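Quick notes on the structure that follows.
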Amino acid sequence: ELNFIDLFKEIGFLLPEDLAVELVFIVRQDMLPENCNDYLENGRRGLKVELTPNLTVLVQSGTYNETIDPNFDCGSGPPDMLIAMNAGLFAYDSWRSVVEYLDGNEGVVGVFTDYNEHSGQNCAALGGSKARESLTINPFRQPRAMPVYSMNLPQFSNGFMYVFNE
C-alpha cells in the first residue's frame with residue numbers, strides 16, 4: 001500500500017475541507033522503506049507526509065503487541081478505525097491485542113481482509129457472530145488468484161473482508 005501513497009491524495013480531494021484525516025500506517029521496523037528515516041515526535045522511526053491541507057499520512061515503525069500504545073494512540077489520539085490487509089488474525093498471536101482492543105472499544109471499527117474464505121471465516125469468528133456474518137468477497141481484491149500449492153482453496157490478495165464493531 002505504501003507504494004501508492006500518492007493515490008491517497010484523492011481521498012483528501014474528496015473530503016470536505018473542514019474535515020481533517022490522519023492515516024497512520026504501522027510497519028514492522030525491518031519492513032520500513034528506506035525513505036522512512038526521520039524520527040517522529042513519539043521517537044519512532046517513520047515518515048510524515050501532508051498530502052493535502054486536510055490529509056496527513058504517517059508511516060511509523062512498531063508492532064501492535066510490543067511497541068504501540070495499548071490504546072493505539074500514535075500521537076493524535078486513539079483511532080476511529082483500524083484496517084489490516086491480509087491480516088490472518090487467527091494465525092498470528094501478535095494480533096491478540098488488536099482483537100482484545102476492538103472487543104473492549106465498541107466505538108472503534110476494525111476492517112480486515114484475508115486471502116481465502118476459510119481463513120476469513122476463522123478470523124471473523126474472533127469478533128463474534130456479527131463479524132462472522134459480515135464476511136464477504138472484497139470487491140477491490142486482486143483480480144487473479146494466487147497460486148498456493150499447499151492447499152486447494154482459491155487465494156486472492158485481499159480476497160475476503162470482514163468488519164468488527166460494525
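In the C-alpha cells, the first chain shown is A, the next is B, and so on; residue numbers restart at 1 for each chain, and ligands run from 1 in the order shown.
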
task = Tell me which protein, DNA and RNA residues are within 9 Å of segment 139-146 of chain A, counting only C-alpha atoms, leaving out same-chain ones fewer than 2 positions away, and put them as a list in words.
result = Tyr115, Thr136, Ile137, Val148, Pro154, Gln155, Phe156, Ser157, Asn158, Gly159 and Phe160 of chain A

Take the residues from that selection and write them out as a CSV table (one decimal), in the first residue's frame, keeping N, CA and C atoms.
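The file below, result-v5.csv, is the result:
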```
chain,number,residue,atom,x,y,z
A,115,TYR,N,-6.8,-13.7,2.7
A,115,TYR,CA,-6.5,-14.4,1.5
A,115,TYR,C,-7.6,-15.3,1.0
A,136,THR,N,-17.4,-11.3,3.5
A,136,THR,CA,-17.9,-11.2,2.1
A,136,THR,C,-16.7,-11.1,1.1
A,137,ILE,N,-17.0,-11.3,-0.1
A,137,ILE,CA,-15.9,-11.2,-1.1
A,137,ILE,C,-15.6,-9.7,-1.2
A,148,VAL,N,-1.2,-21.3,-4.7
A,148,VAL,CA,-0.8,-21.8,-3.4
A,148,VAL,C,-0.9,-23.3,-3.6
A,154,PRO,N,-9.2,-21.4,-3.2
A,154,PRO,CA,-8.8,-20.2,-4.0
A,154,PRO,C,-8.2,-19.1,-3.1
A,155,GLN,N,-7.1,-18.5,-3.5
A,155,GLN,CA,-6.4,-17.5,-2.8
A,155,GLN,C,-6.4,-16.2,-3.6
A,156,PHE,N,-6.8,-15.1,-3.0
A,156,PHE,CA,-6.7,-13.8,-3.6
A,156,PHE,C,-6.1,-12.8,-2.6
A,157,SER,N,-5.2,-12.0,-3.0
A,157,SER,CA,-4.7,-10.9,-2.1
A,157,SER,C,-5.9,-10.0,-1.8
A,158,ASN,N,-6.2,-9.8,-0.5
A,158,ASN,CA,-7.3,-9.0,0.0
A,158,ASN,C,-8.6,-9.6,-0.5
A,159,GLY,N,-8.7,-10.9,-0.7
A,159,GLY,CA,-9.9,-11.5,-1.3
A,159,GLY,C,-11.2,-11.4,-0.6
A,160,PHE,N,-11.1,-11.5,0.8
A,160,PHE,CA,-12.3,-11.5,1.6
A,160,PHE,C,-12.2,-10.5,2.7
```

query = What does the distance between atom CA of Cys123 of chain A and atom CA of Gly46 of chain A come to in Å, to one decimal place?
reply =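 Taking atom CA of Cys123 of chain A and atom CA of Gly46 of chain A, their separation equals 29.2 Å.
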
Surrounding residues of Val59 of chain A excluding itself and chain neighbours under 6 positions, 9 Å, only C-alpha atoms, as a PDB file with C-alpha atoms, in the first residue's frame:
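Contents of the output file around_21.pdb:
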```pdb
ATOM      1  CA  LEU A   2       2.873   2.389   0.688  1.00  0.00           C
ATOM      2  CA  LEU A  23      -3.934   7.899   8.049  1.00  0.00           C
ATOM      3  CA  VAL A  24      -1.430   6.026  10.208  1.00  0.00           C
ATOM      4  CA  PHE A  25       0.401   3.010   8.798  1.00  0.00           C
ATOM      5  CA  ILE A  26       2.130   0.791  11.352  1.00  0.00           C
ATOM      6  CA  VAL A  27       5.001  -1.143   9.802  1.00  0.00           C
ATOM      7  CA  LEU A  32      10.058   0.130   6.700  1.00  0.00           C
ATOM      8  CA  CYS A  36      11.371   6.454   6.294  1.00  0.00           C
ATOM      9  CA  ARG A  45      11.355   5.928  13.043  1.00  0.00           C
ATOM     10  CA  GLY A  46       8.965   6.838  10.253  1.00  0.00           C
ATOM     11  CA  LEU A  47       7.708   9.356   7.749  1.00  0.00           C
ATOM     12  CA  LYS A  48       5.052  12.063   7.946  1.00  0.00           C
ATOM     13  CA  VAL A  49       3.625  13.488   4.720  1.00  0.00           C
TER      14      VAL A  49
END
```

ask   = Can you list every residue in segment 21-134 of chain A that DSSP puts in strand (DSSP E), as a PyMOL selection string?
value = chain A and resi 21-27+38-39+45-52+55-61+81-84+109-114

ask   = DSSP says helix (DSSP H, G or I) for which residues of segment 27-99 of chain A? Put them as number ranges by chain?
value = A: 29-31, 93-99

task = Please provide the set of residues having any atom within 12 Å of Glu50 of chain A, restricted to only C-alpha atoms, with same-chain residues fewer than 2 positions apart removed, written as a list in words.
result =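 The residues that qualify are Ile5, Asp6, Phe8, Lys9, Gly12, Ala20, Val21, Glu22, Leu23, Val24, Leu47, Lys48, Thr52, Pro53, Asn54, Leu55, Thr56, Val57, Leu58 and Val59 of chain A.
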
Output of the above residues as an mmCIF file, in the first residue's frame, restricted to C-alpha atoms:
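So the final result, stored in result_22.cif, reads:
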```cif
data_model
loop_
_atom_site.group_PDB
_atom_site.id
_atom_site.type_symbol
_atom_site.label_atom_id
_atom_site.label_comp_id
_atom_site.auth_asym_id
_atom_site.auth_seq_id
_atom_site.Cartn_x
_atom_site.Cartn_y
_atom_site.Cartn_z
ATOM 1 C CA ILE A 5 0.945 6.742 -1.174
ATOM 2 C CA ASP A 6 0.314 9.490 -3.738
ATOM 3 C CA PHE A 8 -4.204 8.713 -1.144
ATOM 4 C CA LYS A 9 -4.267 12.377 -2.249
ATOM 5 C CA GLY A 12 -8.025 14.456 0.518
ATOM 6 C CA ALA A 20 -9.027 16.620 8.814
ATOM 7 C CA VAL A 21 -7.951 12.992 8.392
ATOM 8 C CA GLU A 22 -4.745 11.322 9.501
ATOM 9 C CA LEU A 23 -3.934 7.899 8.049
ATOM 10 C CA VAL A 24 -1.430 6.026 10.208
ATOM 11 C CA LEU A 47 7.708 9.356 7.749
ATOM 12 C CA LYS A 48 5.052 12.063 7.946
ATOM 13 C CA THR A 52 -3.370 17.865 1.156
ATOM 14 C CA PRO A 53 -4.278 20.518 3.745
ATOM 15 C CA ASN A 54 -6.811 18.110 5.264
ATOM 16 C CA LEU A 55 -4.997 14.767 4.811
ATOM 17 C CA THR A 56 -1.819 13.636 6.530
ATOM 18 C CA VAL A 57 -0.206 10.218 6.102
ATOM 19 C CA LEU A 58 2.004 8.917 8.891
ATOM 20 C CA VAL A 59 4.151 5.812 8.455
#
```

Residue contacts of segment 75-79 of chain A (8 Å, only C-alpha atoms) excluding same-chain residues fewer than 5 positions away, as a tab-separated table (two decimals) with C-alpha atoms, in the first residue's frame:
```tsv
chain	number	residue	atom	x	y	z
A	41	GLU	CA	7.56	13.23	17.78
A	42	ASN	CA	6.97	9.94	19.59
A	108	VAL	CA	-13.75	1.64	17.06
```

task = Using atom CA of Phe164 of chain A and atom CA of Asp103 of chain A as the two end points, give the distance in Å to one decimal.
result = 8.4 Å

message = Show me, as a ChimeraX atom specification, the residues that have an atom within 10 Å of Ala91 of chain A when counting only C-alpha atoms, minus same-chain residues fewer than 3 positions from it.
response = /A:87-88,94-95,119,122-123

Just to be explicit: take each residue in the selection above, keep N, CA, C and O atoms, and write the result as an mmCIF file, in the first residue's frame.
```
data_model
loop_
_atom_site.group_PDB
_atom_site.id
_atom_site.type_symbol
_atom_site.label_atom_id
_atom_site.label_comp_id
_atom_site.auth_asym_id
_atom_site.auth_seq_id
_atom_site.Cartn_x
_atom_site.Cartn_y
_atom_site.Cartn_z
ATOM 1 N N ALA A 87 -4.606 -9.839 6.944
ATOM 2 C CA ALA A 87 -4.139 -9.881 8.331
ATOM 3 C C ALA A 87 -3.846 -11.279 8.869
ATOM 4 O O ALA A 87 -2.841 -11.490 9.526
ATOM 5 N N GLY A 88 -4.719 -12.223 8.646
ATOM 6 C CA GLY A 88 -4.526 -13.543 9.234
ATOM 7 C C GLY A 88 -4.602 -13.497 10.749
ATOM 8 O O GLY A 88 -3.738 -14.027 11.442
ATOM 9 N N SER A 94 0.334 -12.272 17.525
ATOM 10 C CA SER A 94 0.589 -10.839 17.633
ATOM 11 C C SER A 94 -0.674 -10.001 17.414
ATOM 12 O O SER A 94 -0.720 -8.839 17.795
ATOM 13 N N TRP A 95 -1.724 -10.581 16.839
ATOM 14 C CA TRP A 95 -2.976 -9.859 16.626
ATOM 15 C C TRP A 95 -3.887 -9.897 17.850
ATOM 16 O O TRP A 95 -4.909 -9.219 17.884
ATOM 17 N N SER A 119 -9.868 -18.935 5.968
ATOM 18 C CA SER A 119 -9.131 -18.109 6.923
ATOM 19 C C SER A 119 -9.994 -16.934 7.381
ATOM 20 O O SER A 119 -10.036 -16.601 8.564
ATOM 21 N N ASN A 122 -12.555 -18.068 10.025
ATOM 22 C CA ASN A 122 -11.956 -18.274 11.349
ATOM 23 C C ASN A 122 -11.586 -16.952 11.999
ATOM 24 O O ASN A 122 -11.807 -16.753 13.196
ATOM 25 N N CYS A 123 -11.012 -16.041 11.218
ATOM 26 C CA CYS A 123 -10.599 -14.747 11.774
ATOM 27 C C CYS A 123 -11.805 -13.910 12.178
ATOM 28 O O CYS A 123 -11.812 -13.301 13.247
#
```

note = Using only C-alpha atoms, the residue out of A:Pro33, A:Tyr162, A:Phe112, A:Asn105 with shortest distance to Glu133 of chain A is A:Tyr162
